[in-house]
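Enquirer: Could you have a look at this structure, given as C-alpha cells, before my questions?
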Amino acid sequence: MGTIGVLLVVQGLTYLEQELDKRYKLFRVWDYPQKAKLLNDHATTIRAVVGSSNAGADAELIDALPKLEIVSSFSVGVDKIDLVKCKEKGIRVTNTPDVLTDDVADLTIGLILALLRRICECDRYVRSGKWKQGDYKLTTKFSGKTVGIIGLGRIGTAVAKRAEGFNCSICYYSRTEKRDSKYKYYPSVVELASNCDILVVACPLTEETHHIVNREVMNALGPKGVLINIGRGKHVDERELVSALLEGRLGGAGIDVFENEPHVPEELFGLENVVLLPHVGSGTVETRTAMADLVIGNLEAHFLGKPLLTPLV
C-alpha cells in the first residue's frame with residue numbers, strides 16, 4: 001500500500017502520523033504552505049484524507065481531489081466533513097465511535113465534580129497559602145442532583161449510567177423519544193433545562209443543534225444550574241454564556257469545547273464558577289491509540305476491499 005497517497009490534514013497526532021507513514025505515501029498538509037501547490041502536484045495521487053474534529057474535508061477539498069475514495073476522521077464528530085458531497089461522489093466516510101465513549105463520559109463526571117466541589121479553586125487555595133488563613137468556603141453536593149442530557153447516544157448514555165452511581169435522577173432531550181429508555185424525556189431543551197440541576201451537552205453538531213444552548217436555555221437552567229459541554233463548541237452560544245455567567249443568570253459551567261478553538265473568551269478566565277479544559281475529552285494515551293488504530297483499520301479495510309469497521313457513508 002506504500003504507493004497509495006493519504007493526506008493528513010491535522011497535526012499533533014504523533015502515533016497516527018507514524019503509522020500512516022509506515023503504510024502509505026503520506027502527505028502532511030502543513031508541509032505545503034501553498035495549498036494550491038499540494039493539490040496541483042499530488043491531487044491525482046491522494047486517495048484518502050485523514051482528519052479530526054478540528055479539520056476534515058470540505059466541498060472545495062473534495063472537488064480538488066479527483067481520486068479521493070475515503071475520508072477517515074479521528075473523532076466521533078464529522079461536522080468538518082461535507083457528508084452530502086461525499087455521498088454525491090461515492091466517497092466513503094468513517095469515524096471513531098465507541099472507543100472514546102468511556103473517556104468522554106469519565107471526564108464529564110470529572111467536570112461536574114470539579115465545578116460543584118470547586119476542586120480547581122481548592123487546589124489553588126492550598127498552593128497560595130490561603131488555607132493558613134482559614135478554611136475554604138462550603139461547596140455544592142453532586143449526589144442526588146437531577147442531570148439533564150442533550151443527546152442520549154453512546155456518550156450521553158454512558159454519562160447517565162455514571163451519574164446514576166451518584167444517585168442522580170436522569171432526564172434527557174433528543175430528536176425523538178427513546179421508547180426503550182427508562183429516563184424521563186422532555187420534548188424541548190428549554191423544558192429539560194427547567195427541570196434539571198446539571199445540563200450536559202452530548203449530541204452531534206448539526207445545523208439543528210448549532211447554538212442549541214442559547215439565552216433561553218441558560219435562563220431556564222437558572223442561577224443555581226450548571227452547564228457541562230463535552231459535545232462541540234458551537235452547541236453553545238458563547239456570547240450568551242459569558243453574559244449569563246457574568247450577570248449571575250447561570251450558576252456555573254464546565255467546558256471542554258469552544259466555538260473558536262483554541263481561542264477562549266477571556267471574560268471566563270477570572271470566574272471561579274467555571275472550569276475550562278483544552279478539548280481533552282478523549283485525551284488519554286489508551287484511547288487516542290485505539291482511535292488511531294481504528295482509523296488505520298478503516299483505511300486498510302477499504303483498500304483491501306473489505307467491509308469498513310465504522311462506516312458512516
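How things are named: the first chain in the C-alpha cells is A, the next is B, and so on; residues count from 1 in each chain; ligands count from 1 in the order shown.
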Quick one: residues within 9 Å of A:Arg117, only C-alpha atoms, excluding same-chain residues fewer than 5 positions away - as a VMD selection string?

Expert: chain A and resid 112 122 138 to 142

Enquirer: Excluding A:Leu7 and any residue of its chain fewer than 2 positions from it, enumerate the residues within 10 Å of it, using only C-alpha atoms, and give them as a list in words.

Expert: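 Final neighbour list, sorted by chain and number: Gly5, Val9, Val10, Leu20, Tyr24, Lys25, Leu26, Phe27, Arg28, Val29, Leu38, His42, Ala43, Thr45, Ile46, Arg47, Ala48, Val49, Val50, Gly51, Leu68 and Val71 of chain A.
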
Enquirer: Measuring atom to atom with only C-alpha atoms, identify which of A:Arg179, A:Lys306, A:Lys35, A:Lys145 is nearest to A:Asp197.

Expert: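 Smallest distance to A:Asp197 is found for A:Lys145.
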
Enquirer: Would you give me, as number ranges by chain, the residues in stretch 31-180 of chain A that DSSP reads as strand (DSSP E)?

Expert: A: 46-52, 70-74, 92-94, 146-150, 169-173

Enquirer: Those selected residues, please, written with N, CA and C atoms and delivered as a compact mmCIF listing (two decimals), in the first residue's frame.

Expert:
```
# COMPACT_ATOMS: atom_id res chain seq x y z
N ILE A 46 -3.60 11.32 -4.29
CA ILE A 46 -4.25 11.21 -2.99
C ILE A 46 -5.60 10.49 -3.11
N ARG A 47 -5.71 9.38 -2.40
CA ARG A 47 -6.93 8.57 -2.44
C ARG A 47 -7.66 8.55 -1.11
N ALA A 48 -7.04 9.14 -0.07
CA ALA A 48 -7.66 9.17 1.24
C ALA A 48 -7.30 10.46 1.97
N VAL A 49 -8.23 10.95 2.77
CA VAL A 49 -7.98 12.10 3.64
C VAL A 49 -8.23 11.66 5.07
N VAL A 50 -7.32 12.01 5.97
CA VAL A 50 -7.48 11.72 7.39
C VAL A 50 -7.56 13.04 8.14
N GLY A 51 -8.67 13.22 8.88
CA GLY A 51 -8.87 14.45 9.62
C GLY A 51 -9.27 14.17 11.05
N SER A 52 -9.85 15.18 11.70
CA SER A 52 -10.27 15.04 13.09
C SER A 52 -11.44 15.97 13.35
N ILE A 70 -11.93 7.83 0.20
CA ILE A 70 -12.36 7.68 1.59
C ILE A 70 -11.85 8.84 2.44
N VAL A 71 -12.69 9.27 3.39
CA VAL A 71 -12.30 10.25 4.40
C VAL A 71 -12.47 9.58 5.75
N SER A 72 -11.39 9.48 6.49
CA SER A 72 -11.42 8.82 7.80
C SER A 72 -11.15 9.85 8.88
N SER A 73 -12.10 9.99 9.81
CA SER A 73 -11.99 11.01 10.84
C SER A 73 -11.55 10.43 12.17
N PHE A 74 -10.54 11.06 12.74
CA PHE A 74 -10.01 10.69 14.04
C PHE A 74 -10.87 11.37 15.11
N ARG A 92 -16.38 7.16 0.68
CA ARG A 92 -16.69 6.56 1.97
C ARG A 92 -16.23 7.47 3.10
N VAL A 93 -16.93 7.41 4.22
CA VAL A 93 -16.58 8.21 5.39
C VAL A 93 -16.64 7.32 6.63
N THR A 94 -15.61 7.42 7.47
CA THR A 94 -15.59 6.66 8.72
C THR A 94 -15.23 7.60 9.88
N THR A 146 -30.36 16.30 39.80
CA THR A 146 -31.00 15.88 38.56
C THR A 146 -30.13 16.29 37.39
N VAL A 147 -29.75 15.32 36.58
CA VAL A 147 -28.87 15.55 35.44
C VAL A 147 -29.69 15.46 34.16
N GLY A 148 -29.70 16.53 33.38
CA GLY A 148 -30.37 16.55 32.08
C GLY A 148 -29.34 16.41 30.98
N ILE A 149 -29.62 15.54 30.03
CA ILE A 149 -28.65 15.25 28.97
C ILE A 149 -29.26 15.57 27.61
N ILE A 150 -28.57 16.40 26.84
CA ILE A 150 -28.98 16.69 25.47
C ILE A 150 -28.28 15.69 24.57
N SER A 169 -30.99 11.64 39.47
CA SER A 169 -32.11 11.40 38.57
C SER A 169 -31.69 11.84 37.18
N ILE A 170 -32.11 11.10 36.16
CA ILE A 170 -31.69 11.38 34.79
C ILE A 170 -32.90 11.74 33.94
N CYS A 171 -32.74 12.79 33.15
CA CYS A 171 -33.73 13.13 32.13
C CYS A 171 -32.98 13.55 30.87
N TYR A 172 -33.68 13.61 29.75
CA TYR A 172 -32.95 13.87 28.51
C TYR A 172 -33.85 14.52 27.45
N TYR A 173 -33.17 15.08 26.46
CA TYR A 173 -33.83 15.56 25.24
C TYR A 173 -33.10 14.94 24.07
```

Enquirer: For A:Ala160, find every residue with an atom within 12 Å (counting only C-alpha atoms), except residues of its own chain fewer than 6 positions away, and show them as an MDAnalysis selection string.

Expert: chainID A and resid 102 105:106 108:109 146:154 166:172 181:184 198:202

Enquirer: Nearest to A:Gly225: which of A:Leu271, A:Ala57, A:Ala253, A:Val189 is it, counting only C-alpha atoms?

Expert: A:Ala253
